[in-house]
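Let me begin by presenting the structure, written as structure tokens, before commenting on it.
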Amino acid sequence: MTDCFADNLAVLQARYKQLAQRLQTRRLPALKIEASRCGKPTIQRNGKFLHSAYDPAAEAAAFVRAQNIQARENVIVLGFALGYHLAALFRQACALNTVVVIEPDWDLFHQALLLNDFRPFLAHPDIIFCVGMEPLEVMDCLSSRAVALMASRTVLLEHPGSVQAAPAYFAEVRQRVLDSLRTAAASVATVNKLGQLMLENVFGNLPAIVGSPGIRALRGAFAAVPAFIISAGPSLDKNIHELPAAAERAVLLCTDTAFPRVRGAGIAPSFVLTMDYQAESARHFAGVDSERVPLLFDMEASPAVVTAYTGARFVSATSAPLPFWINSLCGDKGIVDKGLSVAHFAFAVATAMGCEPIIFIGQDLAFTGGVTHAGGTRSRRPSDRYDNGRLLQVRSELTGESCETSMDMYIYLRHFEKLVAASRRRCINATEGGAGIRGTTAATAAEAVAAYCAKPVPVRERIEALRQAAAPADRALVRAGLAQIRDLVGRLRRASGEIIGLFDEMLRLTSRPAPDWQQVARLWEKVKPLSRLISGEELLLRMMHPFIMESMMGIEHEGGVRAREERLAPDPAALAADLKHDYALQQGVQRAAAVLEACLEKADEQLQGERP
């Protein structure tokens, strides 16, 4: 090891232990390093220099200057090579937000750390290394950080030598990076558009939440009992006939999408689960006999399903701000991480109940046979009509063959793999098709039933006994909590309204030919205590997140929240621009407060009007 490598490794060891361990255990790279005309090392690939043959550092500095990268921007670097451009980037631009380094060649990355001191950028507080990853793995790596990347401008820094050396790889990586950012943009848009709906759903479900037993009553109730997670993938058609043999010998957790198909086959699952916040999800229940099947619903699920359901109901909360608060008011119904899809929700429920093994059926996560879902479901259509026909090719963990899937299904797949790894439960993939799930053991549905469903279990009786034993929440305490939070929302709304009025007055004063800056400063002194009152109510602001997220992201994009006193300069145009996002934030608080007040009032009326 050279001194450079030891110094670089010390920084990595402190902050990126897995990366450092991988580098420590690798053989030294056997790459042919050449001296450039100025004496600095360079390298060739396929007869072309990745860096200048004359002065690689000067070339990198000029390249980075031409990108016009600004402070507080995100930078995604395509190609590391010997890293001259990274060193130049960190010499030129400080205070960057997230930096992502994508390099397919471990030997090159290793060699670069041997040759140059990269401690300044290795010590950056928010850097992500995607070394030796396939393009889909890069997308997976970015997906967990993509919303954060959306908070400020993201620059794609494509190192020319690296891209020319591996054009096919970087062409796909570029697409996957853009896919991640587009997915994040869609997530932000979804929260902006549907955040109010999710909030209204929780309050609309409040009478059902109060009166229903929770997932807490089911915790550990089926320890060492097998569970089948029944999803609506195309392969369900070929093995649904195996499920009757598992009834009363396993817990059958059916997703809402698969419910019409399962009930149509005469099977009564132990639970049907729903978490979709849109009323359209009610189509999965229309005309389906649900009398013998308890519904397990997430608090944010559509009331169009929950309130209309004729069978027994159980409820589950999450750690999201509003469900968490409602759950605390209702005496703790129980919390699980519902994940990204109803099948993830079912996996969390199976884990909470203590089930083992957990057996997947119909969990294709791919478009087996060119269709999206099993027959008899309300979502089935040709795969080329899914997501505007933008499909991915993934290698099946079951067969090793390539299969078609969509971007969201791929993200669900990777999330499942994380859940399986974290659960430490024995997981059996009896789907018999699709992408497969890493960490599971493959079996046919018949083999899974034969191996794990030999012993009868009084599943239905036990669920009913637990439902009967669970006490409903105290309506009086719930109503008192609603009244308390309603008073607080009113205080925030009034404070926000006063701030908006003060902002208007400040802007009016600064529009004059000779602004009175002392009067502006006095107005700002009035803003500060009101602003502290609002910022001190963290729980409410987190509930209001969908209404204020866009303006908060705008503030972050403009450089973060700084002390307003420092921004008050004798420049009317600058002040108007500076207050723009603050003004939008207060308007978001106003909108959120109005919606919250209406929801709280309606929820209280519903609780008052229903019998205990």
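Letters A, B, ... go to the chains of the structure tokens in the order shown; residues in each chain start at 1; ligands are counted from 1 in the same order.
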Could you build a table of the residues in range 215-292 of chain A lying no more than 12 Å from range 456-476 of chain A, giving for each the nearest pair of atoms and their separation in Å rounded to one decimal place, using only C-alpha atoms, ordered by chain and ascending residue number, as a tab-separated table?
residue	atom	partner	partner_atom	distance
A:Ile215	CA	A:Arg467	CA	10.2
A:Arg216	CA	A:Ala470	CA	9.5
A:Ala217	CA	A:Leu466	CA	6.4
A:Leu218	CA	A:Leu466	CA	7.2
A:Arg219	CA	A:Leu466	CA	10.4
A:Gly220	CA	A:Leu466	CA	11.7
A:Ala221	CA	A:Arg462	CA	8.1
A:Phe222	CA	A:Val459	CA	8.2
A:Ala223	CA	A:Val457	CA	11.3
A:Ala224	CA	A:Val457	CA	10.8
A:Val225	CA	A:Val457	CA	7.9
A:Pro226	CA	A:Val457	CA	9.8
A:Ala227	CA	A:Val459	CA	10.7
A:Ala245	CA	A:Pro456	CA	10.4
A:Ala246	CA	A:Pro456	CA	9.0
A:Ala247	CA	A:Val459	CA	8.5
A:Glu248	CA	A:Val457	CA	5.4
A:Arg249	CA	A:Pro456	CA	4.5
A:Ala250	CA	A:Val457	CA	6.9
A:Val251	CA	A:Val459	CA	6.6
A:Leu252	CA	A:Val459	CA	9.2
A:Leu253	CA	A:Val459	CA	11.6
A:Ala268	CA	A:Arg460	CA	10.0
A:Pro269	CA	A:Arg460	CA	9.3
A:Ser270	CA	A:Arg460	CA	6.6
A:Phe271	CA	A:Ile463	CA	9.5
A:Arg292	CA	A:Arg460	CA	9.2
Please, could you write that set of residues out with N, CA and C atoms as a PDB file, in the first residue's frame?
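Result file follows (part.pdb):
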ATOM      1  N   ILE A 215     -53.677  -4.246  15.000  1.00  0.00           N
ATOM      2  CA  ILE A 215     -52.654  -5.262  14.736  1.00  0.00           C
ATOM      3  C   ILE A 215     -51.968  -5.667  16.034  1.00  0.00           C
ATOM      4  N   ARG A 216     -51.998  -4.784  17.011  1.00  0.00           N
ATOM      5  CA  ARG A 216     -51.393  -5.109  18.303  1.00  0.00           C
ATOM      6  C   ARG A 216     -52.022  -6.363  18.915  1.00  0.00           C
ATOM      7  N   ALA A 217     -53.332  -6.536  18.732  1.00  0.00           N
ATOM      8  CA  ALA A 217     -54.021  -7.711  19.278  1.00  0.00           C
ATOM      9  C   ALA A 217     -53.552  -8.997  18.616  1.00  0.00           C
ATOM     10  N   LEU A 218     -52.949  -8.895  17.439  1.00  0.00           N
ATOM     11  CA  LEU A 218     -52.533 -10.079  16.688  1.00  0.00           C
ATOM     12  C   LEU A 218     -51.050 -10.395  16.852  1.00  0.00           C
ATOM     13  N   ARG A 219     -50.308  -9.523  17.524  1.00  0.00           N
ATOM     14  CA  ARG A 219     -48.856  -9.719  17.628  1.00  0.00           C
ATOM     15  C   ARG A 219     -48.532 -11.050  18.313  1.00  0.00           C
ATOM     16  N   GLY A 220     -47.727 -11.837  17.634  1.00  0.00           N
ATOM     17  CA  GLY A 220     -47.297 -13.117  18.170  1.00  0.00           C
ATOM     18  C   GLY A 220     -48.381 -14.166  18.258  1.00  0.00           C
ATOM     19  N   ALA A 221     -49.583 -13.868  17.741  1.00  0.00           N
ATOM     20  CA  ALA A 221     -50.708 -14.796  17.896  1.00  0.00           C
ATOM     21  C   ALA A 221     -50.547 -16.065  17.064  1.00  0.00           C
ATOM     22  N   PHE A 222     -49.678 -16.026  16.047  1.00  0.00           N
ATOM     23  CA  PHE A 222     -49.522 -17.194  15.179  1.00  0.00           C
ATOM     24  C   PHE A 222     -48.040 -17.559  15.041  1.00  0.00           C
ATOM     25  N   ALA A 223     -47.358 -17.577  16.196  1.00  0.00           N
ATOM     26  CA  ALA A 223     -45.938 -17.922  16.191  1.00  0.00           C
ATOM     27  C   ALA A 223     -45.737 -19.322  15.622  1.00  0.00           C
ATOM     28  N   ALA A 224     -44.786 -19.420  14.690  1.00  0.00           N
ATOM     29  CA  ALA A 224     -44.418 -20.697  14.046  1.00  0.00           C
ATOM     30  C   ALA A 224     -45.535 -21.291  13.198  1.00  0.00           C
ATOM     31  N   VAL A 225     -46.560 -20.498  12.889  1.00  0.00           N
ATOM     32  CA  VAL A 225     -47.618 -20.937  11.968  1.00  0.00           C
ATOM     33  C   VAL A 225     -47.273 -20.403  10.580  1.00  0.00           C
ATOM     34  N   PRO A 226     -47.348 -21.227   9.537  1.00  0.00           N
ATOM     35  CA  PRO A 226     -47.030 -20.713   8.195  1.00  0.00           C
ATOM     36  C   PRO A 226     -48.034 -19.659   7.749  1.00  0.00           C
ATOM     37  N   ALA A 227     -47.549 -18.720   6.936  1.00  0.00           N
ATOM     38  CA  ALA A 227     -48.421 -17.697   6.355  1.00  0.00           C
ATOM     39  C   ALA A 227     -48.207 -17.672   4.850  1.00  0.00           C
ATOM     40  N   ALA A 245     -56.122 -26.408   0.366  1.00  0.00           N
ATOM     41  CA  ALA A 245     -55.476 -27.379   1.248  1.00  0.00           C
ATOM     42  C   ALA A 245     -54.724 -26.705   2.390  1.00  0.00           C
ATOM     43  N   ALA A 246     -54.450 -25.384   2.232  1.00  0.00           N
ATOM     44  CA  ALA A 246     -53.736 -24.654   3.281  1.00  0.00           C
ATOM     45  C   ALA A 246     -54.688 -23.979   4.261  1.00  0.00           C
ATOM     46  N   ALA A 247     -55.970 -23.911   3.939  1.00  0.00           N
ATOM     47  CA  ALA A 247     -56.938 -23.252   4.818  1.00  0.00           C
ATOM     48  C   ALA A 247     -56.987 -23.966   6.163  1.00  0.00           C
ATOM     49  N   GLU A 248     -57.032 -23.198   7.227  1.00  0.00           N
ATOM     50  CA  GLU A 248     -57.043 -23.707   8.611  1.00  0.00           C
ATOM     51  C   GLU A 248     -55.792 -24.515   8.945  1.00  0.00           C
ATOM     52  N   ARG A 249     -54.774 -24.372   8.121  1.00  0.00           N
ATOM     53  CA  ARG A 249     -53.462 -24.944   8.424  1.00  0.00           C
ATOM     54  C   ARG A 249     -52.374 -23.884   8.297  1.00  0.00           C
ATOM     55  N   ALA A 250     -52.784 -22.702   7.849  1.00  0.00           N
ATOM     56  CA  ALA A 250     -51.874 -21.573   7.671  1.00  0.00           C
ATOM     57  C   ALA A 250     -52.701 -20.293   7.708  1.00  0.00           C
ATOM     58  N   VAL A 251     -52.035 -19.194   7.942  1.00  0.00           N
ATOM     59  CA  VAL A 251     -52.672 -17.882   7.855  1.00  0.00           C
ATOM     60  C   VAL A 251     -52.613 -17.439   6.389  1.00  0.00           C
ATOM     61  N   LEU A 252     -53.766 -17.159   5.795  1.00  0.00           N
ATOM     62  CA  LEU A 252     -53.827 -16.727   4.396  1.00  0.00           C
ATOM     63  C   LEU A 252     -54.059 -15.222   4.365  1.00  0.00           C
ATOM     64  N   LEU A 253     -53.039 -14.484   3.947  1.00  0.00           N
ATOM     65  CA  LEU A 253     -53.099 -13.030   3.859  1.00  0.00           C
ATOM     66  C   LEU A 253     -53.265 -12.641   2.400  1.00  0.00           C
ATOM     67  N   ALA A 268     -61.823 -18.571   1.383  1.00  0.00           N
ATOM     68  CA  ALA A 268     -62.013 -17.495   2.352  1.00  0.00           C
ATOM     69  C   ALA A 268     -60.687 -17.276   3.079  1.00  0.00           C
ATOM     70  N   PRO A 269     -59.899 -16.254   2.696  1.00  0.00           N
ATOM     71  CA  PRO A 269     -58.609 -16.040   3.354  1.00  0.00           C
ATOM     72  C   PRO A 269     -58.783 -15.607   4.811  1.00  0.00           C
ATOM     73  N   SER A 270     -57.710 -15.690   5.576  1.00  0.00           N
ATOM     74  CA  SER A 270     -57.759 -15.292   6.985  1.00  0.00           C
ATOM     75  C   SER A 270     -57.969 -13.793   7.110  1.00  0.00           C
ATOM     76  N   PHE A 271     -57.356 -13.030   6.205  1.00  0.00           N
ATOM     77  CA  PHE A 271     -57.511 -11.573   6.144  1.00  0.00           C
ATOM     78  C   PHE A 271     -57.419 -11.126   4.692  1.00  0.00           C
ATOM     79  N   ARG A 292     -67.219 -13.473   5.644  1.00  0.00           N
ATOM     80  CA  ARG A 292     -66.416 -14.372   6.476  1.00  0.00           C
ATOM     81  C   ARG A 292     -64.935 -13.983   6.529  1.00  0.00           C
TER      82      ARG A 292
END
For this session: Determine which residues of range 109-344 of chain A receive a DSSP assignment of alpha helix (DSSP H), computed from the backbone, and state them as JSON, numbers by chain.
Result: {"A": [109, 110, 111, 112, 113, 114, 115, 119, 120, 121, 122, 135, 136, 137, 138, 139, 140, 141, 142, 143, 146, 147, 148, 149, 150, 160, 161, 162, 163, 164, 165, 167, 168, 169, 170, 171, 172, 173, 174, 175, 176, 177, 178, 179, 180, 181, 182, 183, 184, 185, 186, 187, 188, 189, 190, 191, 192, 193, 194, 195, 196, 197, 198, 199, 200, 201, 202, 203, 204, 206, 207, 208, 209, 210, 211, 236, 237, 238, 239, 259, 260, 261, 262, 263, 264, 303, 304, 305, 306, 321, 322, 323, 324, 325, 326, 327, 328, 329, 342, 343, 344]}
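Here CA of Pro323 in chain A is placed at a distance of 23.7 Å from CA of Ser423 in chain A.
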Env of range 78-80 of chain A: 10 Å cut, atoms = only C-alpha atoms, seq-sep filter 2 positions within chain, self excluded. Answer as a PDB file with C-alpha atoms, in the first residue's frame.
ATOM      1  CA  LEU A  50      -9.157   8.185 -20.005  1.00  0.00           C
ATOM      2  CA  VAL A  75     -23.615  16.256  -8.502  1.00  0.00           C
ATOM      3  CA  ILE A  76     -23.919  12.770  -9.995  1.00  0.00           C
ATOM      4  CA  LEU A  82      -8.272   8.090 -11.805  1.00  0.00           C
ATOM      5  CA  GLY A  83     -10.391  10.789 -10.160  1.00  0.00           C
ATOM      6  CA  TYR A  84      -8.748  13.996 -11.409  1.00  0.00           C
ATOM      7  CA  HIS A  85     -12.119  15.582 -12.134  1.00  0.00           C
ATOM      8  CA  LEU A  86     -13.351  14.758  -8.604  1.00  0.00           C
ATOM      9  CA  VAL A 100     -22.859  10.424  -6.191  1.00  0.00           C
ATOM     10  CA  VAL A 101     -19.858   8.634  -7.720  1.00  0.00           C
ATOM     11  CA  ILE A 102     -20.642   5.900 -10.274  1.00  0.00           C
ATOM     12  CA  GLU A 103     -17.728   3.779 -11.484  1.00  0.00           C
ATOM     13  CA  PRO A 104     -18.204   0.251 -12.894  1.00  0.00           C
ATOM     14  CA  ASP A 105     -14.550  -0.817 -12.589  1.00  0.00           C
ATOM     15  CA  LEU A 108      -9.784   1.660 -11.647  1.00  0.00           C
ATOM     16  CA  PHE A 109     -11.306   2.962  -8.414  1.00  0.00           C
ATOM     17  CA  ALA A 112      -6.999   5.891  -8.216  1.00  0.00           C
ATOM     18  CA  CYS A 130     -21.798   3.188  -6.585  1.00  0.00           C
ATOM     19  CA  VAL A 131     -18.700   1.155  -7.491  1.00  0.00           C
ATOM     20  CA  LEU A 156     -24.985  15.090 -14.236  1.00  0.00           C
ATOM     21  CA  LEU A 157     -21.185  15.281 -14.547  1.00  0.00           C
ATOM     22  CA  GLU A 158     -20.197  12.832 -17.307  1.00  0.00           C
ATOM     23  CA  HIS A 159     -16.472  12.182 -17.446  1.00  0.00           C
ATOM     24  CA  PRO A 160     -15.745  11.959 -21.201  1.00  0.00           C
ATOM     25  CA  GLY A 161     -12.959   9.363 -20.997  1.00  0.00           C
ATOM     26  CA  SER A 162     -14.990   6.999 -18.822  1.00  0.00           C
ATOM     27  CA  VAL A 163     -18.136   7.320 -20.938  1.00  0.00           C
ATOM     28  CA  GLN A 164     -16.202   6.679 -24.156  1.00  0.00           C
ATOM     29  CA  ALA A 165     -14.559   3.593 -22.615  1.00  0.00           C
ATOM     30  CA  ALA A 166     -17.881   2.012 -21.546  1.00  0.00           C
ATOM     31  CA  PHE A 170     -23.108   4.561 -19.037  1.00  0.00           C
ATOM     32  CA  ALA A 171     -25.965   4.930 -21.517  1.00  0.00           C
ATOM     33  CA  VAL A 173     -26.809   4.191 -16.103  1.00  0.00           C
ATOM     34  CA  ARG A 174     -27.794   7.603 -17.429  1.00  0.00           C
ATOM     35  CA  VAL A 177     -30.388   7.915 -12.961  1.00  0.00           C
TER      36      VAL A 177
END
